[in-house]
file run-v1.cif (mmCIF, N, CA and C atoms)
data_structure
loop_
_atom_site.label_atom_id
_atom_site.label_comp_id
_atom_site.auth_asym_id
_atom_site.auth_seq_id
_atom_site.Cartn_x
_atom_site.Cartn_y
_atom_site.Cartn_z
N MET A 1 55.44 -63.05 18.09
CA MET A 1 55.42 -63.51 19.47
C MET A 1 55.12 -62.33 20.38
N ASP A 2 54.31 -62.58 21.39
CA ASP A 2 53.90 -61.53 22.33
C ASP A 2 55.04 -61.23 23.30
N MET A 3 55.27 -59.99 23.65
CA MET A 3 56.39 -59.57 24.49
C MET A 3 56.36 -60.15 25.91
N PRO A 4 55.20 -60.26 26.59
CA PRO A 4 55.23 -60.83 27.94
C PRO A 4 55.77 -62.27 27.97
N TYR A 5 55.51 -63.03 26.91
CA TYR A 5 56.03 -64.39 26.85
C TYR A 5 57.55 -64.41 26.72
N VAL A 6 58.07 -63.44 25.97
CA VAL A 6 59.52 -63.34 25.82
C VAL A 6 60.16 -63.02 27.16
N TYR A 7 59.57 -62.06 27.89
CA TYR A 7 60.10 -61.70 29.20
C TYR A 7 60.00 -62.86 30.19
N ALA A 8 58.92 -63.60 30.12
CA ALA A 8 58.77 -64.75 31.00
C ALA A 8 59.82 -65.82 30.69
N ALA A 9 60.05 -66.07 29.41
CA ALA A 9 61.06 -67.05 29.01
C ALA A 9 62.46 -66.61 29.44
N LEU A 10 62.75 -65.31 29.31
CA LEU A 10 64.05 -64.80 29.74
C LEU A 10 64.21 -64.90 31.26
N ALA A 11 63.15 -64.64 31.99
CA ALA A 11 63.21 -64.73 33.45
C ALA A 11 63.46 -66.17 33.89
N ILE A 12 62.81 -67.12 33.25
CA ILE A 12 63.01 -68.54 33.58
C ILE A 12 64.44 -68.96 33.27
N MET A 13 64.97 -68.52 32.13
CA MET A 13 66.34 -68.86 31.77
C MET A 13 67.33 -68.25 32.77
N LEU A 14 67.07 -67.04 33.23
CA LEU A 14 67.93 -66.38 34.20
C LEU A 14 67.92 -67.11 35.54
N ILE A 15 66.74 -67.57 35.95
CA ILE A 15 66.63 -68.32 37.20
C ILE A 15 67.40 -69.63 37.11
N ILE A 16 67.25 -70.34 36.00
CA ILE A 16 67.97 -71.60 35.81
C ILE A 16 69.48 -71.36 35.82
N PHE A 17 69.91 -70.32 35.16
CA PHE A 17 71.33 -69.98 35.12
C PHE A 17 71.85 -69.62 36.52
N ALA A 18 71.10 -68.83 37.27
CA ALA A 18 71.51 -68.43 38.62
C ALA A 18 71.59 -69.65 39.54
N ARG A 19 70.64 -70.56 39.42
CA ARG A 19 70.66 -71.78 40.24
C ARG A 19 71.91 -72.60 39.98
N GLU A 20 72.29 -72.71 38.71
CA GLU A 20 73.49 -73.48 38.37
C GLU A 20 74.76 -72.82 38.90
N ILE A 21 74.82 -71.51 38.83
CA ILE A 21 75.98 -70.80 39.37
C ILE A 21 76.06 -71.00 40.88
N LEU A 22 74.94 -70.86 41.57
CA LEU A 22 74.93 -71.06 43.02
C LEU A 22 75.34 -72.48 43.39
N ARG A 23 74.89 -73.45 42.61
CA ARG A 23 75.21 -74.83 42.93
C ARG A 23 76.67 -75.15 42.64
N ARG A 24 77.17 -74.74 41.48
CA ARG A 24 78.53 -75.09 41.09
C ARG A 24 79.59 -74.28 41.85
N ARG A 25 79.40 -72.99 41.93
CA ARG A 25 80.45 -72.15 42.51
C ARG A 25 80.43 -72.14 44.03
N TYR A 26 79.22 -72.10 44.62
CA TYR A 26 79.12 -71.93 46.07
C TYR A 26 78.60 -73.17 46.80
N GLY A 27 78.22 -74.20 46.07
CA GLY A 27 77.73 -75.42 46.70
C GLY A 27 76.37 -75.25 47.35
N PHE A 28 75.59 -74.28 46.89
CA PHE A 28 74.27 -74.01 47.46
C PHE A 28 73.21 -74.63 46.56
N ASP A 29 72.52 -75.65 47.06
CA ASP A 29 71.50 -76.34 46.29
C ASP A 29 70.13 -75.80 46.68
N MET A 30 69.46 -75.12 45.78
CA MET A 30 68.17 -74.50 46.08
C MET A 30 67.06 -75.53 46.27
N ASP A 31 67.27 -76.75 45.79
CA ASP A 31 66.26 -77.78 45.95
C ASP A 31 66.26 -78.37 47.35
N ASN A 32 67.36 -78.26 48.07
CA ASN A 32 67.47 -78.83 49.41
C ASN A 32 67.77 -77.77 50.45
N VAL A 33 66.99 -76.69 50.44
CA VAL A 33 67.19 -75.60 51.39
C VAL A 33 66.47 -75.94 52.69
N ASN A 34 67.17 -75.81 53.81
CA ASN A 34 66.59 -76.01 55.13
C ASN A 34 66.02 -74.67 55.57
N MET A 35 64.70 -74.53 55.53
CA MET A 35 64.07 -73.24 55.79
C MET A 35 64.28 -72.77 57.23
N GLU A 36 64.32 -73.68 58.18
CA GLU A 36 64.53 -73.27 59.58
C GLU A 36 65.92 -72.69 59.76
N LYS A 37 66.87 -73.29 59.10
CA LYS A 37 68.24 -72.80 59.19
C LYS A 37 68.34 -71.43 58.52
N LEU A 38 67.65 -71.26 57.40
CA LEU A 38 67.65 -70.00 56.69
C LEU A 38 66.96 -68.90 57.49
N LYS A 39 65.82 -69.21 58.11
CA LYS A 39 65.13 -68.23 58.95
C LYS A 39 65.99 -67.81 60.14
N ALA A 40 66.63 -68.76 60.76
CA ALA A 40 67.48 -68.46 61.91
C ALA A 40 68.66 -67.60 61.49
N LEU A 41 69.15 -67.81 60.29
CA LEU A 41 70.26 -67.03 59.79
C LEU A 41 69.86 -65.56 59.66
N PHE A 42 68.63 -65.31 59.17
CA PHE A 42 68.16 -63.94 59.03
C PHE A 42 67.84 -63.31 60.38
N LYS A 43 67.52 -64.11 61.38
CA LYS A 43 67.24 -63.58 62.71
C LYS A 43 68.52 -63.38 63.53
N GLY A 44 69.65 -63.77 62.99
CA GLY A 44 70.91 -63.61 63.69
C GLY A 44 71.18 -64.72 64.69
N GLN A 45 70.51 -65.85 64.53
CA GLN A 45 70.71 -66.99 65.42
C GLN A 45 71.59 -68.01 64.73
N LYS A 46 72.15 -68.87 65.51
CA LYS A 46 72.91 -69.99 64.97
C LYS A 46 72.11 -71.24 65.26
N VAL A 47 71.84 -72.04 64.25
CA VAL A 47 71.09 -73.28 64.43
C VAL A 47 72.05 -74.45 64.33
N VAL A 48 72.05 -75.28 65.34
CA VAL A 48 72.91 -76.46 65.36
C VAL A 48 72.03 -77.67 65.14
N LEU A 49 72.32 -78.43 64.09
CA LEU A 49 71.54 -79.62 63.79
C LEU A 49 72.17 -80.81 64.49
N LYS A 50 71.37 -81.54 65.23
CA LYS A 50 71.85 -82.78 65.83
C LYS A 50 71.72 -83.88 64.79
N LYS A 51 72.18 -85.05 65.13
CA LYS A 51 72.21 -86.14 64.15
C LYS A 51 70.83 -86.57 63.69
N ASP A 52 69.80 -86.37 64.53
CA ASP A 52 68.46 -86.78 64.12
C ASP A 52 67.63 -85.59 63.65
N GLU A 53 68.32 -84.51 63.21
CA GLU A 53 67.69 -83.33 62.64
C GLU A 53 66.80 -82.58 63.62
N ASP A 54 67.05 -82.70 64.94
CA ASP A 54 66.35 -81.87 65.90
C ASP A 54 67.08 -80.54 65.99
N PHE A 55 66.37 -79.51 66.39
CA PHE A 55 66.95 -78.19 66.40
C PHE A 55 67.28 -77.73 67.80
N VAL A 56 68.41 -77.07 67.92
CA VAL A 56 68.80 -76.40 69.14
C VAL A 56 69.12 -74.97 68.73
N ILE A 57 68.43 -74.02 69.31
CA ILE A 57 68.71 -72.63 69.02
C ILE A 57 69.90 -72.21 69.86
N LYS A 58 70.94 -71.74 69.20
CA LYS A 58 72.16 -71.37 69.90
C LYS A 58 72.39 -69.87 69.74
N ARG A 59 72.32 -69.16 70.85
CA ARG A 59 72.55 -67.72 70.84
C ARG A 59 73.99 -67.46 71.25
N THR A 60 74.39 -66.22 71.18
CA THR A 60 75.75 -65.86 71.59
C THR A 60 75.75 -64.80 72.68
N SER A 61 74.60 -64.56 73.31
CA SER A 61 74.51 -63.45 74.24
C SER A 61 74.69 -63.84 75.70
N GLY A 62 74.78 -65.11 76.02
CA GLY A 62 74.90 -65.49 77.43
C GLY A 62 75.46 -66.88 77.62
N ASP A 63 75.23 -67.40 78.84
CA ASP A 63 75.77 -68.72 79.16
C ASP A 63 74.73 -69.68 79.72
N LYS A 64 73.46 -69.34 79.61
CA LYS A 64 72.39 -70.18 80.14
C LYS A 64 71.85 -71.11 79.06
N SER A 65 71.32 -72.25 79.52
CA SER A 65 70.65 -73.19 78.63
C SER A 65 69.24 -73.42 79.15
N LEU A 66 68.31 -73.61 78.25
CA LEU A 66 66.92 -73.88 78.63
C LEU A 66 66.58 -75.32 78.30
N VAL A 67 66.02 -76.01 79.30
CA VAL A 67 65.64 -77.41 79.14
C VAL A 67 64.15 -77.52 79.38
N LEU A 68 63.43 -78.07 78.41
CA LEU A 68 62.01 -78.35 78.59
C LEU A 68 61.89 -79.67 79.34
N SER A 69 61.50 -79.59 80.63
CA SER A 69 61.41 -80.79 81.47
C SER A 69 60.14 -81.56 81.20
N ASP A 70 59.02 -80.84 81.10
CA ASP A 70 57.73 -81.48 80.91
C ASP A 70 56.85 -80.51 80.15
N ALA A 71 56.10 -80.99 79.19
CA ALA A 71 55.23 -80.13 78.39
C ALA A 71 53.88 -79.91 79.04
N GLY A 72 53.55 -80.67 80.06
CA GLY A 72 52.26 -80.50 80.71
C GLY A 72 51.14 -81.18 79.94
N VAL A 73 49.90 -80.79 80.25
CA VAL A 73 48.75 -81.45 79.64
C VAL A 73 48.38 -80.84 78.29
N ASN A 74 48.65 -79.57 78.10
CA ASN A 74 48.27 -78.89 76.86
C ASN A 74 49.49 -78.74 75.95
N LYS A 75 49.87 -79.82 75.30
CA LYS A 75 51.08 -79.84 74.49
C LYS A 75 50.98 -78.95 73.25
N ALA A 76 49.79 -78.82 72.70
CA ALA A 76 49.62 -78.00 71.51
C ALA A 76 49.92 -76.53 71.81
N THR A 77 49.49 -76.04 72.95
CA THR A 77 49.76 -74.66 73.32
C THR A 77 51.24 -74.45 73.60
N VAL A 78 51.87 -75.43 74.22
CA VAL A 78 53.31 -75.35 74.47
C VAL A 78 54.07 -75.33 73.15
N MET A 79 53.64 -76.17 72.20
CA MET A 79 54.27 -76.19 70.89
C MET A 79 54.13 -74.85 70.19
N ALA A 80 52.93 -74.27 70.24
CA ALA A 80 52.69 -72.98 69.59
C ALA A 80 53.54 -71.88 70.22
N THR A 81 53.63 -71.89 71.54
CA THR A 81 54.44 -70.89 72.23
C THR A 81 55.92 -71.07 71.90
N LEU A 82 56.36 -72.30 71.87
CA LEU A 82 57.74 -72.61 71.53
C LEU A 82 58.07 -72.16 70.11
N ARG A 83 57.14 -72.36 69.21
CA ARG A 83 57.34 -71.93 67.83
C ARG A 83 57.43 -70.41 67.72
N GLN A 84 56.60 -69.70 68.48
CA GLN A 84 56.63 -68.24 68.43
C GLN A 84 57.91 -67.69 69.03
N ILE A 85 58.39 -68.30 70.08
CA ILE A 85 59.59 -67.80 70.75
C ILE A 85 60.85 -68.08 69.92
N THR A 86 60.98 -69.29 69.42
CA THR A 86 62.22 -69.69 68.76
C THR A 86 62.19 -69.56 67.24
N GLY A 87 61.02 -69.58 66.64
CA GLY A 87 60.92 -69.49 65.18
C GLY A 87 61.09 -70.82 64.47
N ILE A 88 61.00 -71.94 65.19
CA ILE A 88 61.17 -73.24 64.56
C ILE A 88 59.85 -73.70 63.94
N ASP A 89 59.90 -74.73 63.13
CA ASP A 89 58.70 -75.21 62.46
C ASP A 89 57.91 -76.17 63.36
N TYR A 90 56.76 -76.58 62.86
CA TYR A 90 55.83 -77.42 63.64
C TYR A 90 56.46 -78.76 64.02
N ASN A 91 57.10 -79.42 63.05
CA ASN A 91 57.67 -80.75 63.33
C ASN A 91 58.78 -80.70 64.38
N SER A 92 59.61 -79.68 64.31
CA SER A 92 60.68 -79.54 65.30
C SER A 92 60.11 -79.28 66.68
N ALA A 93 59.09 -78.42 66.76
CA ALA A 93 58.46 -78.14 68.05
C ALA A 93 57.80 -79.40 68.60
N LYS A 94 57.20 -80.18 67.74
CA LYS A 94 56.57 -81.42 68.17
C LYS A 94 57.60 -82.41 68.72
N LYS A 95 58.75 -82.51 68.03
CA LYS A 95 59.82 -83.40 68.51
C LYS A 95 60.34 -82.96 69.87
N ILE A 96 60.49 -81.65 70.06
CA ILE A 96 60.99 -81.13 71.33
C ILE A 96 60.02 -81.44 72.45
N VAL A 97 58.73 -81.21 72.20
CA VAL A 97 57.70 -81.43 73.22
C VAL A 97 57.58 -82.92 73.55
N GLU A 98 57.64 -83.77 72.54
CA GLU A 98 57.48 -85.21 72.78
C GLU A 98 58.71 -85.86 73.40
N SER A 99 59.88 -85.26 73.21
CA SER A 99 61.09 -85.89 73.74
C SER A 99 61.62 -85.17 74.98
N ALA A 100 60.72 -84.58 75.75
CA ALA A 100 61.12 -83.90 77.00
C ALA A 100 61.66 -84.93 77.97
N PRO A 101 62.70 -84.66 78.71
CA PRO A 101 63.46 -83.42 78.83
C PRO A 101 64.37 -83.20 77.62
N TYR A 102 64.42 -81.95 77.18
CA TYR A 102 65.13 -81.62 75.95
C TYR A 102 65.71 -80.21 76.07
N THR A 103 66.99 -80.07 75.77
CA THR A 103 67.62 -78.75 75.75
C THR A 103 67.34 -78.12 74.40
N PHE A 104 66.58 -77.03 74.39
CA PHE A 104 66.18 -76.44 73.12
C PHE A 104 66.84 -75.09 72.84
N MET A 105 67.43 -74.45 73.83
CA MET A 105 68.16 -73.20 73.61
C MET A 105 69.44 -73.22 74.44
N THR A 106 70.53 -72.76 73.84
CA THR A 106 71.80 -72.68 74.56
C THR A 106 72.41 -71.29 74.37
N ASN A 107 73.35 -70.95 75.25
CA ASN A 107 74.04 -69.66 75.22
C ASN A 107 73.07 -68.48 75.24
N VAL A 108 72.08 -68.56 76.11
CA VAL A 108 71.04 -67.54 76.21
C VAL A 108 71.39 -66.61 77.37
N SER A 109 71.04 -65.34 77.23
CA SER A 109 71.27 -64.39 78.31
C SER A 109 70.30 -64.66 79.46
N ASP A 110 70.63 -64.13 80.64
CA ASP A 110 69.79 -64.34 81.82
C ASP A 110 68.37 -63.82 81.60
N LYS A 111 68.26 -62.63 81.04
CA LYS A 111 66.95 -62.01 80.83
C LYS A 111 66.11 -62.80 79.83
N GLU A 112 66.73 -63.18 78.71
CA GLU A 112 65.99 -63.95 77.70
C GLU A 112 65.59 -65.32 78.23
N ALA A 113 66.46 -65.95 79.01
CA ALA A 113 66.14 -67.25 79.59
C ALA A 113 64.97 -67.13 80.56
N ASP A 114 64.98 -66.09 81.36
CA ASP A 114 63.90 -65.89 82.33
C ASP A 114 62.57 -65.61 81.63
N LEU A 115 62.59 -64.76 80.60
CA LEU A 115 61.35 -64.44 79.88
C LEU A 115 60.80 -65.67 79.13
N THR A 116 61.69 -66.44 78.53
CA THR A 116 61.26 -67.64 77.81
C THR A 116 60.68 -68.66 78.78
N LYS A 117 61.32 -68.82 79.92
CA LYS A 117 60.84 -69.75 80.94
C LYS A 117 59.45 -69.33 81.43
N LYS A 118 59.26 -68.05 81.72
CA LYS A 118 57.96 -67.56 82.19
C LYS A 118 56.87 -67.76 81.15
N ALA A 119 57.20 -67.51 79.88
CA ALA A 119 56.21 -67.68 78.82
C ALA A 119 55.78 -69.13 78.68
N LEU A 120 56.74 -70.05 78.75
CA LEU A 120 56.39 -71.46 78.61
C LEU A 120 55.70 -72.00 79.86
N GLU A 121 56.09 -71.51 81.03
CA GLU A 121 55.42 -71.96 82.25
C GLU A 121 54.00 -71.40 82.34
N PHE A 122 53.77 -70.27 81.72
CA PHE A 122 52.42 -69.69 81.70
C PHE A 122 51.44 -70.59 80.96
N VAL A 123 51.92 -71.32 79.95
CA VAL A 123 51.04 -72.21 79.19
C VAL A 123 51.08 -73.64 79.70
N GLY A 124 51.78 -73.88 80.82
CA GLY A 124 51.72 -75.19 81.47
C GLY A 124 52.95 -76.06 81.36
N ALA A 125 54.01 -75.57 80.76
CA ALA A 125 55.23 -76.38 80.64
C ALA A 125 56.12 -76.19 81.86
N LYS A 126 57.03 -77.12 82.05
CA LYS A 126 58.05 -77.00 83.09
C LYS A 126 59.39 -76.82 82.40
N VAL A 127 60.06 -75.72 82.71
CA VAL A 127 61.32 -75.38 82.06
C VAL A 127 62.37 -75.14 83.12
N GLU A 128 63.57 -75.65 82.87
CA GLU A 128 64.70 -75.45 83.78
C GLU A 128 65.74 -74.57 83.08
N ILE A 129 66.34 -73.68 83.87
CA ILE A 129 67.45 -72.87 83.37
C ILE A 129 68.72 -73.45 83.96
N LYS A 130 69.66 -73.80 83.09
CA LYS A 130 70.93 -74.38 83.56
C LYS A 130 72.08 -73.50 83.13
#

call {"tool": "encode", "arguments": {"input": "run-v1.cif", "output": "C-alpha coordinates"}}
result
Amino acid sequence: MDMPYVYAALAIMLIIFAREILRRRYGFDMDNVNMEKLKALFKGQKVVLKKDEDFVIKRTSGDKSLVLSDAGVNKATVMATLRQITGIDYNSAKKIVESAPYTFMTNVSDKEADLTKKALEFVGAKVEIK
(Lines of atoms letter the chains of each structure in order from A and count residues from 1; the text may use other names and numbers.)
(Lines give C-alpha, C1' and ligand atoms only; values in the text may rest on other atoms or scores of the structure.)
Protein backbone atom coordinates (compact mmCIF):
# COMPACT_ATOMS: atom_id res chain seq x y z
CA MET A 1 0.00 0.00 0.00
CA ASP A 2 1.24 3.47 -0.90
CA MET A 3 2.05 5.77 2.07
CA PRO A 4 0.00 8.83 0.97
CA TYR A 5 -3.14 6.69 1.01
CA VAL A 6 -2.37 5.55 4.54
CA TYR A 7 -1.93 9.16 5.68
CA ALA A 8 -5.15 10.18 3.96
CA ALA A 9 -7.06 7.34 5.62
CA LEU A 10 -5.62 8.29 9.02
CA ALA A 11 -6.54 11.94 8.50
CA ILE A 12 -10.13 11.02 7.61
CA MET A 13 -10.41 8.77 10.67
CA LEU A 14 -9.04 11.57 12.88
CA ILE A 15 -11.57 14.05 11.48
CA ILE A 16 -14.45 11.63 12.08
CA PHE A 17 -13.23 11.00 15.62
CA ALA A 18 -12.85 14.73 16.36
CA ARG A 19 -16.36 15.44 15.03
CA GLU A 20 -17.83 12.81 17.34
CA ILE A 21 -15.99 14.20 20.36
CA LEU A 22 -17.17 17.73 19.56
CA ARG A 23 -20.74 16.54 19.14
CA ARG A 24 -20.93 14.30 22.20
CA ARG A 25 -18.89 16.23 24.73
CA TYR A 26 -19.55 19.84 23.75
CA GLY A 27 -22.81 19.63 21.79
CA PHE A 28 -21.18 21.20 18.73
CA ASP A 29 -22.60 19.79 15.49
CA MET A 30 -20.29 20.55 12.55
CA ASP A 31 -23.05 19.74 10.06
CA ASN A 32 -25.27 22.57 11.33
CA VAL A 33 -22.77 25.41 11.80
CA ASN A 34 -24.19 28.92 11.43
CA MET A 35 -21.40 30.66 9.53
CA GLU A 36 -22.63 34.19 10.26
CA LYS A 37 -22.65 33.47 13.96
CA LEU A 38 -19.17 31.96 13.70
CA LYS A 39 -17.79 34.95 11.73
CA ALA A 40 -19.26 37.38 14.22
CA LEU A 41 -17.70 35.41 17.05
CA PHE A 42 -14.25 35.83 15.49
CA LYS A 43 -14.87 39.56 14.96
CA GLY A 44 -15.76 40.01 18.62
CA GLN A 45 -19.43 40.72 17.93
CA LYS A 46 -22.45 39.16 19.50
CA VAL A 47 -25.11 37.95 17.07
CA VAL A 48 -28.66 37.70 18.34
CA LEU A 49 -30.95 35.50 16.30
CA LYS A 50 -34.59 36.50 16.17
CA LYS A 51 -37.30 33.91 15.78
CA ASP A 52 -37.33 34.18 11.98
CA GLU A 53 -33.52 33.85 11.74
CA ASP A 54 -32.91 37.53 10.96
CA PHE A 55 -29.69 38.97 12.26
CA VAL A 56 -29.11 41.84 14.62
CA ILE A 57 -25.51 42.80 15.21
CA LYS A 58 -25.12 43.55 18.90
CA ARG A 59 -22.03 45.42 20.03
CA THR A 60 -20.99 46.25 23.56
CA SER A 61 -19.33 49.61 23.00
CA GLY A 62 -22.27 52.02 23.26
CA ASP A 63 -25.96 52.64 23.65
CA LYS A 64 -27.11 53.60 20.15
CA SER A 65 -29.23 51.53 17.76
CA LEU A 66 -29.31 51.82 13.99
CA VAL A 67 -32.59 51.47 12.13
CA LEU A 68 -32.75 51.15 8.34
CA SER A 69 -35.82 53.28 7.54
CA ASP A 70 -35.74 53.02 3.76
CA ALA A 71 -33.33 51.33 1.36
CA GLY A 72 -33.92 53.82 -1.44
CA VAL A 73 -33.95 52.98 -5.13
CA ASN A 74 -30.64 51.13 -5.35
CA LYS A 75 -31.25 48.24 -2.95
CA ALA A 76 -28.39 46.12 -4.28
CA THR A 77 -25.82 48.77 -3.39
CA VAL A 78 -27.35 49.21 0.06
CA MET A 79 -27.22 45.44 0.57
CA ALA A 80 -23.56 45.32 -0.50
CA THR A 81 -22.66 48.19 1.81
CA LEU A 82 -24.57 46.61 4.67
CA ARG A 83 -22.75 43.34 4.12
CA GLN A 84 -19.36 45.05 4.15
CA ILE A 85 -20.09 46.99 7.31
CA THR A 86 -21.68 44.22 9.38
CA GLY A 87 -20.21 41.05 7.86
CA ILE A 88 -23.60 39.37 7.37
CA ASP A 89 -24.44 37.14 4.42
CA TYR A 90 -26.43 38.00 1.30
CA ASN A 91 -29.75 36.53 2.46
CA SER A 92 -29.68 38.36 5.79
CA ALA A 93 -28.84 41.65 4.09
CA LYS A 94 -31.68 41.08 1.63
CA LYS A 95 -34.14 40.42 4.48
CA ILE A 96 -33.03 43.60 6.27
CA VAL A 97 -33.38 45.73 3.14
CA GLU A 98 -36.76 44.27 2.19
CA SER A 99 -38.25 44.53 5.68
CA ALA A 100 -37.36 48.19 6.33
CA PRO A 101 -37.82 49.76 8.85
CA TYR A 102 -35.51 47.32 10.60
CA THR A 103 -33.13 47.61 13.55
CA PHE A 104 -29.94 45.95 12.36
CA MET A 105 -27.34 47.08 14.94
CA THR A 106 -27.70 47.66 18.67
CA ASN A 107 -25.40 48.85 21.47
CA VAL A 108 -23.24 50.78 19.01
CA SER A 109 -20.94 53.64 19.98
CA ASP A 110 -21.72 57.17 18.81
CA LYS A 111 -18.80 57.26 16.38
CA GLU A 112 -19.53 53.86 14.84
CA ALA A 113 -23.23 54.71 14.52
CA ASP A 114 -22.44 57.98 12.79
CA LEU A 115 -19.95 56.39 10.36
CA THR A 116 -22.32 53.53 9.53
CA LYS A 117 -25.18 55.96 8.97
CA LYS A 118 -23.06 58.14 6.65
CA ALA A 119 -21.88 55.13 4.65
CA LEU A 120 -25.41 53.84 4.12
CA GLU A 121 -26.82 57.29 3.36
CA PHE A 122 -24.07 57.79 0.79
CA VAL A 123 -25.47 54.87 -1.22
CA GLY A 124 -29.07 56.11 -0.93
CA ALA A 125 -30.48 54.53 2.23
CA LYS A 126 -32.22 56.32 5.07
CA VAL A 127 -30.89 55.38 8.49
CA GLU A 128 -31.99 56.56 11.93
CA ILE A 129 -29.86 56.54 15.07
CA LYS A 130 -31.87 55.85 18.21

call {"tool": "atom_distance", "arguments": {"input": "run-v1.cif", "atom1": "CA of Gly62 in chain A", "atom2": "CA of Asp110 in chain A"}}
result
6.8 Å

call {"tool": "resolve_selection", "arguments": {"input": "run-v1.cif", "expression": "the PyMOL selection byres ((chain A and resi 125) around 5)", "output": "list in words"}}
result
Asp70, Ala71, Gly72, Leu120, Glu121, Val123, Gly124, Lys126 and Val127 of chain A

call {"tool": "residues_around", "arguments": {"input": "run-v1.cif", "residues": "range 75-83 of chain A", "least_positions_apart": "2", "cutoff": "8 Å", "atoms": "all atoms listed in the file", "output": "NGL selection string"}}
result
:A and (71-73 or 85-90 or 92-94 or 96-98 or 119-120 or 123-125)

call {"tool": "atom_distance", "arguments": {"input": "run-v1.cif", "atom1": "atom C of Leu10 in chain A", "atom2": "atom C of Arg25 in chain A"}}
result
21.9 Å

call {"tool": "atom_distance", "arguments": {"input": "run-v1.cif", "atom1": "CA of Asn74 in chain A", "atom2": "CA of Phe122 in chain A"}}
result
11.2 Å

call {"tool": "closest_residue", "arguments": {"input": "run-v1.cif", "among": "A:Ala8, A:Asp114, A:Ser109, A:Ser99", "to": "Lys64 in chain A", "atoms": "all atoms listed in the file"}}
result
A:Ser109

call {"tool": "resolve_selection", "arguments": {"input": "run-v1.cif", "expression": "the PyMOL selection byres ((chain A and resi 61) around 5)", "output": "JSON, numbers by chain"}}
result
{"A": [59, 60, 62, 63, 107, 108, 109]}

call {"tool": "axis_aligned_box", "arguments": {"input": "run-v1.cif", "around": "range 110-123 of chain A", "padding_each_side": "8 Å", "output": "JSON"}}
result
{"center_x": 60.8, "center_y": -67.8, "center_z": 80.0, "size_x": 35.6, "size_y": 27.6, "size_z": 20.6}

call {"tool": "closest_residue", "arguments": {"input": "run-v1.cif", "among": "A:Ile129, A:Leu22, A:Lys118, A:Met13", "to": "Leu66 in chain A", "atoms": "all atoms listed in the file"}}
result
A:Ile129
